[in-house]
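To start, the structure under review is shown below, and the notes come after it.
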Amino acid sequence: MKWCLGLWIACLWACNPINGVQISGDLFHYKGDKLYFEICGQDTTITVALDSMGGFEAVLPLTKAGYVRLANGKAAFPLYLQPGKSVRLKMDVKKVQEGDYESVEFLEGSNSETRMMADYYQKQWFPSTQEMFVLPPNDFRQIMDSIVHFNDSIISAFVKKNSCDPAFVKLFRIQVKVPLAASYFYYPMYHSLLNREDESEIPADFNIFDRMLPKNDIDVYQRVYRYKIYEVSYWNNLLGEKLAGLMSEPEQFVNSYIDELNKLGLHEQIRDDIGNNFVMQYYNELPEEAVLILKNRYKEIVVNPKYLKEIERVFQNVLP
């Protein structure tokens, strides 16, 4: 009879597979009473309560395998999760925050992709902000190139010895370059503060990531962690530099920005994010005549209903 009951439970479980990813575990030296799962590609953050001993359990709504970031306090750990699978782990938050990613123990659900990421973050080279920004342009470019090759070699060495999803590895190679690429956006300002005596000119091929990282690739845009922030910043900087001479003529600046953005031929979602960012940044800074142009033309660059609703609301508040 017990055998029959066990068989019935097994059949019931088989007929009701996990909807998403079942994840549980125990945290040590944790902060607060919550942890967070950032699901890349869904723009979703799941908040999970910790019990009095640091235990947790949750089902994450993943429809396909991909990158998920587990965070508690300032510590974060990368996970590659697959729908229908169960994961159980033990994580010392203090050790992870100190850079010991290999201290995380998997009791169930370990995979080579997660181990690849943990191996990478354990060994990566990422100099401090001050160490990088004090360098003259040519030296900054050279150290960036060295960092890229060193970090890529960490991934290559792991993949050579372990079987990993090639598509995910390709995306992860892009992902780890995003924080480095973002440094270029801040270099001019911080370099002038940290090295006031340097008068070196910026070389034409200064930003090595302009050609290295893909643009207008919606798969990368949606699936690589924080790539949206990077690419929106990239296009905004590009347009800002091109139209810098029009900043004293706000009406012409707005018209030209919208025209130039449309000429880029970007995927609708990418253009929407850039357009929405532009509207929300400038609607409260421009003179009324330029705001009226923005109000009359914003639908040329934004079609996302969620964005449109918010834009309509702000224009009601700023215009008579």
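Labeling convention for the structure tokens: chains A, B, ... as they appear, residues from 1 per chain, ligands from 1 in order of appearance.
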
Per DSSP on the backbone, what are the alpha helix (DSSP H) residues of segment 146-304 of chain A, as a PyMOL selection string? chain A and resi 146-161+166-175+178-194+209-212+218-223+227-242+250-263+268-282+288-297

12 Å contact set for Asn162 of chain A, only C-alpha atoms, chain neighbours under 3 positions out, as number ranges by chain: A: 111-116, 119, 155-159, 165-166, 169

Which residues are close to Val254 of chain A, i.e. within 7 Å by only C-alpha atoms, leaving aside same-chain residues fewer than 4 positions away? Reply as an mmCIF file with all heavy atoms, in the first residue's frame.
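File written: out21.cif
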```
data_model
loop_
_atom_site.group_PDB
_atom_site.id
_atom_site.type_symbol
_atom_site.label_atom_id
_atom_site.label_comp_id
_atom_site.auth_asym_id
_atom_site.auth_seq_id
_atom_site.Cartn_x
_atom_site.Cartn_y
_atom_site.Cartn_z
ATOM 1 N N PRO A 250 17.137 75.521 -28.693
ATOM 2 C CA PRO A 250 16.362 74.374 -28.209
ATOM 3 C C PRO A 250 15.291 73.853 -29.166
ATOM 4 O O PRO A 250 15.087 72.643 -29.243
ATOM 5 C CB PRO A 250 15.749 74.879 -26.901
ATOM 6 C CG PRO A 250 15.914 76.346 -26.909
ATOM 7 C CD PRO A 250 17.101 76.647 -27.752
ATOM 8 N N ILE A 258 14.891 64.285 -32.877
ATOM 9 C CA ILE A 258 13.856 63.336 -33.323
ATOM 10 C C ILE A 258 14.151 62.851 -34.737
ATOM 11 O O ILE A 258 14.051 61.653 -35.036
ATOM 12 C CB ILE A 258 12.463 63.993 -33.234
ATOM 13 C CG1 ILE A 258 12.109 64.241 -31.755
ATOM 14 C CG2 ILE A 258 11.401 63.120 -33.898
ATOM 15 C CD1 ILE A 258 10.850 65.055 -31.545
ATOM 16 N N ALA A 290 9.964 74.927 -27.197
ATOM 17 C CA ALA A 290 10.594 73.645 -27.503
ATOM 18 C C ALA A 290 9.793 72.488 -26.916
ATOM 19 O O ALA A 290 9.695 71.415 -27.522
ATOM 20 C CB ALA A 290 12.023 73.619 -26.965
ATOM 21 N N LEU A 294 8.192 69.151 -28.724
ATOM 22 C CA LEU A 294 8.357 67.810 -28.174
ATOM 23 C C LEU A 294 7.004 67.133 -27.994
ATOM 24 O O LEU A 294 6.838 65.952 -28.319
ATOM 25 C CB LEU A 294 9.094 67.894 -26.833
ATOM 26 C CG LEU A 294 9.636 66.601 -26.224
ATOM 27 C CD1 LEU A 294 10.616 65.929 -27.168
ATOM 28 C CD2 LEU A 294 10.303 66.882 -24.886
#
```

List the neighbours of Asn19 of chain A out to 12 Å using only C-alpha atoms; skip same-chain residues closer than 4 positions along the sequence, and give me the result as an mmCIF file with N, CA, C and O atoms, in the first residue's frame.
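To be explicit, this is the file written out as part12.cif:
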```cif
data_model
loop_
_atom_site.group_PDB
_atom_site.id
_atom_site.type_symbol
_atom_site.label_atom_id
_atom_site.label_comp_id
_atom_site.auth_asym_id
_atom_site.auth_seq_id
_atom_site.Cartn_x
_atom_site.Cartn_y
_atom_site.Cartn_z
ATOM 1 N N TRP A 13 3.413 14.310 -9.286
ATOM 2 C CA TRP A 13 4.502 15.281 -9.482
ATOM 3 C C TRP A 13 4.886 15.363 -10.958
ATOM 4 O O TRP A 13 5.092 16.437 -11.503
ATOM 5 N N ALA A 14 4.917 14.205 -11.618
ATOM 6 C CA ALA A 14 5.262 14.177 -13.033
ATOM 7 C C ALA A 14 4.233 14.902 -13.876
ATOM 8 O O ALA A 14 4.553 15.519 -14.888
ATOM 9 N N CYS A 15 2.973 14.837 -13.463
ATOM 10 C CA CYS A 15 1.893 15.494 -14.202
ATOM 11 C C CYS A 15 1.807 16.978 -13.877
ATOM 12 O O CYS A 15 1.099 17.725 -14.532
ATOM 13 N N ILE A 23 13.559 27.502 -6.333
ATOM 14 C CA ILE A 23 14.866 27.776 -5.748
ATOM 15 C C ILE A 23 14.726 27.976 -4.247
ATOM 16 O O ILE A 23 13.783 28.611 -3.773
ATOM 17 N N ALA A 58 11.378 29.928 -3.057
ATOM 18 C CA ALA A 58 10.591 30.691 -4.016
ATOM 19 C C ALA A 58 10.495 29.931 -5.335
ATOM 20 O O ALA A 58 11.280 29.016 -5.606
ATOM 21 N N VAL A 59 9.530 30.314 -6.139
ATOM 22 C CA VAL A 59 9.419 29.825 -7.511
ATOM 23 C C VAL A 59 9.549 31.040 -8.420
ATOM 24 O O VAL A 59 8.751 31.981 -8.340
ATOM 25 N N LEU A 60 10.572 31.049 -9.268
ATOM 26 C CA LEU A 60 10.825 32.173 -10.163
ATOM 27 C C LEU A 60 10.164 31.922 -11.513
ATOM 28 O O LEU A 60 10.321 30.837 -12.097
ATOM 29 N N PRO A 61 9.444 32.903 -12.047
ATOM 30 C CA PRO A 61 8.667 32.712 -13.285
ATOM 31 C C PRO A 61 9.518 32.795 -14.553
ATOM 32 O O PRO A 61 9.342 33.692 -15.380
ATOM 33 N N LEU A 62 10.426 31.861 -14.726
ATOM 34 C CA LEU A 62 11.242 31.825 -15.935
ATOM 35 C C LEU A 62 10.567 30.982 -17.005
ATOM 36 O O LEU A 62 10.123 29.860 -16.728
ATOM 37 N N THR A 63 10.527 31.513 -18.224
ATOM 38 C CA THR A 63 9.956 30.761 -19.345
ATOM 39 C C THR A 63 11.040 30.126 -20.205
ATOM 40 O O THR A 63 10.767 29.236 -21.005
ATOM 41 N N LYS A 64 12.285 30.622 -20.058
ATOM 42 C CA LYS A 64 13.407 30.008 -20.763
ATOM 43 C C LYS A 64 14.676 30.202 -19.941
ATOM 44 O O LYS A 64 14.741 31.073 -19.071
ATOM 45 N N GLN A 82 17.238 27.188 -15.288
ATOM 46 C CA GLN A 82 16.476 26.550 -16.362
ATOM 47 C C GLN A 82 15.076 26.200 -15.883
ATOM 48 O O GLN A 82 14.915 25.595 -14.805
ATOM 49 N N PRO A 83 14.043 26.589 -16.632
ATOM 50 C CA PRO A 83 12.660 26.272 -16.245
ATOM 51 C C PRO A 83 12.473 24.780 -16.002
ATOM 52 O O PRO A 83 13.032 23.938 -16.707
ATOM 53 N N GLY A 84 11.691 24.470 -14.984
ATOM 54 C CA GLY A 84 11.417 23.078 -14.658
ATOM 55 C C GLY A 84 12.433 22.440 -13.740
ATOM 56 O O GLY A 84 12.259 21.295 -13.305
ATOM 57 N N LYS A 85 13.494 23.170 -13.419
ATOM 58 C CA LYS A 85 14.543 22.634 -12.564
ATOM 59 C C LYS A 85 14.408 23.159 -11.130
ATOM 60 O O LYS A 85 13.800 24.187 -10.886
ATOM 61 N N SER A 86 15.004 22.427 -10.198
ATOM 62 C CA SER A 86 15.055 22.857 -8.801
ATOM 63 C C SER A 86 16.497 23.173 -8.422
ATOM 64 O O SER A 86 17.427 22.486 -8.862
#
```

Please determine, counting only C-alpha atoms, which residue among A:Lys228, A:Gly25, A:Pro136, A:Leu70 has the shortest atom-to-atom distance to Glu199 of chain A. A:Pro136

Contacts of Ser233 of chain A at 9 Å or less, counting only C-alpha atoms, minus same-chain residues fewer than 6 places along, as a ChimeraX atom specification? /A:182,185,274

Nearby residues (only C-alpha atoms) at most 10 Å from Val68 of chain A, same-chain spacing under 4 positions excluded, as an NGL selection string: :A and (36-41 or 44-45 or 60 or 62 or 77-81 or 114 or 225)

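As for atom CA of Leu266 of chain A and atom CA of Glu231 of chain A, they are spaced 11.2 Å apart.
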
With only C-alpha atoms as the atoms that count, which of A:Gly99, A:Asp43, A:Val220, A:Tyr30 lies nearest to Asn72 of chain A? A:Tyr30

Can you pull out the residues contacting Glu268 of chain A? Cut-off 9 Å, using only C-alpha atoms, and skip same-chain residues under 3 positions away; I want them as a ChimeraX atom specification. /A:265,271-273,301-304

Using only N, CA, C and O atoms, please write the residues we just selected to a file, as a PDB file, in the first residue's frame.
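Output (again.pdb):
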```pdb
ATOM      1  N   GLY A 265      17.337  53.996 -37.679  1.00  0.00           N
ATOM      2  CA  GLY A 265      16.710  52.727 -38.065  1.00  0.00           C
ATOM      3  C   GLY A 265      16.794  51.654 -37.001  1.00  0.00           C
ATOM      4  O   GLY A 265      16.976  50.473 -37.303  1.00  0.00           O
ATOM      5  N   ARG A 271      14.486  52.040 -29.903  1.00  0.00           N
ATOM      6  CA  ARG A 271      14.146  53.442 -30.182  1.00  0.00           C
ATOM      7  C   ARG A 271      13.191  53.992 -29.132  1.00  0.00           C
ATOM      8  O   ARG A 271      13.306  55.142 -28.698  1.00  0.00           O
ATOM      9  N   ASP A 272      12.220  53.162 -28.705  1.00  0.00           N
ATOM     10  CA  ASP A 272      11.273  53.582 -27.673  1.00  0.00           C
ATOM     11  C   ASP A 272      11.977  53.959 -26.369  1.00  0.00           C
ATOM     12  O   ASP A 272      11.657  54.962 -25.738  1.00  0.00           O
ATOM     13  N   ASP A 273      12.930  53.124 -25.961  1.00  0.00           N
ATOM     14  CA  ASP A 273      13.652  53.388 -24.708  1.00  0.00           C
ATOM     15  C   ASP A 273      14.476  54.670 -24.813  1.00  0.00           C
ATOM     16  O   ASP A 273      14.532  55.461 -23.864  1.00  0.00           O
ATOM     17  N   ILE A 301       8.728  58.899 -32.038  1.00  0.00           N
ATOM     18  CA  ILE A 301       9.855  58.113 -31.515  1.00  0.00           C
ATOM     19  C   ILE A 301       9.467  57.213 -30.346  1.00  0.00           C
ATOM     20  O   ILE A 301      10.286  56.449 -29.849  1.00  0.00           O
ATOM     21  N   VAL A 302       8.214  57.301 -29.894  1.00  0.00           N
ATOM     22  CA  VAL A 302       7.742  56.458 -28.790  1.00  0.00           C
ATOM     23  C   VAL A 302       6.368  55.899 -29.129  1.00  0.00           C
ATOM     24  O   VAL A 302       5.441  56.666 -29.429  1.00  0.00           O
ATOM     25  N   VAL A 303       6.243  54.571 -29.062  1.00  0.00           N
ATOM     26  CA  VAL A 303       4.934  53.941 -29.302  1.00  0.00           C
ATOM     27  C   VAL A 303       4.536  53.008 -28.164  1.00  0.00           C
ATOM     28  O   VAL A 303       3.400  52.531 -28.118  1.00  0.00           O
ATOM     29  N   ASN A 304       5.448  52.737 -27.239  1.00  0.00           N
ATOM     30  CA  ASN A 304       5.151  51.858 -26.107  1.00  0.00           C
ATOM     31  C   ASN A 304       4.022  52.454 -25.266  1.00  0.00           C
ATOM     32  O   ASN A 304       4.150  53.563 -24.754  1.00  0.00           O
TER      33      ASN A 304
END
```

Mind listing the strand (DSSP E) residues of segment 19-265 of chain A, per DSSP on the backbone, as a PyMOL selection string? chain A and resi 21-28+34-39+44-49+55-60+66-72+75-81+86-92+105-108

Could you check which of A:Val232, A:Ile174, A:Ala244, A:Leu50 is closest to Asn277 of chain A, using only C-alpha atoms? A:Val232

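Distances here use only C-alpha atoms; by that measure, the residue among A:Gln252, A:Gln22, A:Ser128, A:Gln142 closest to Asn207 of chain A is A:Gln142.
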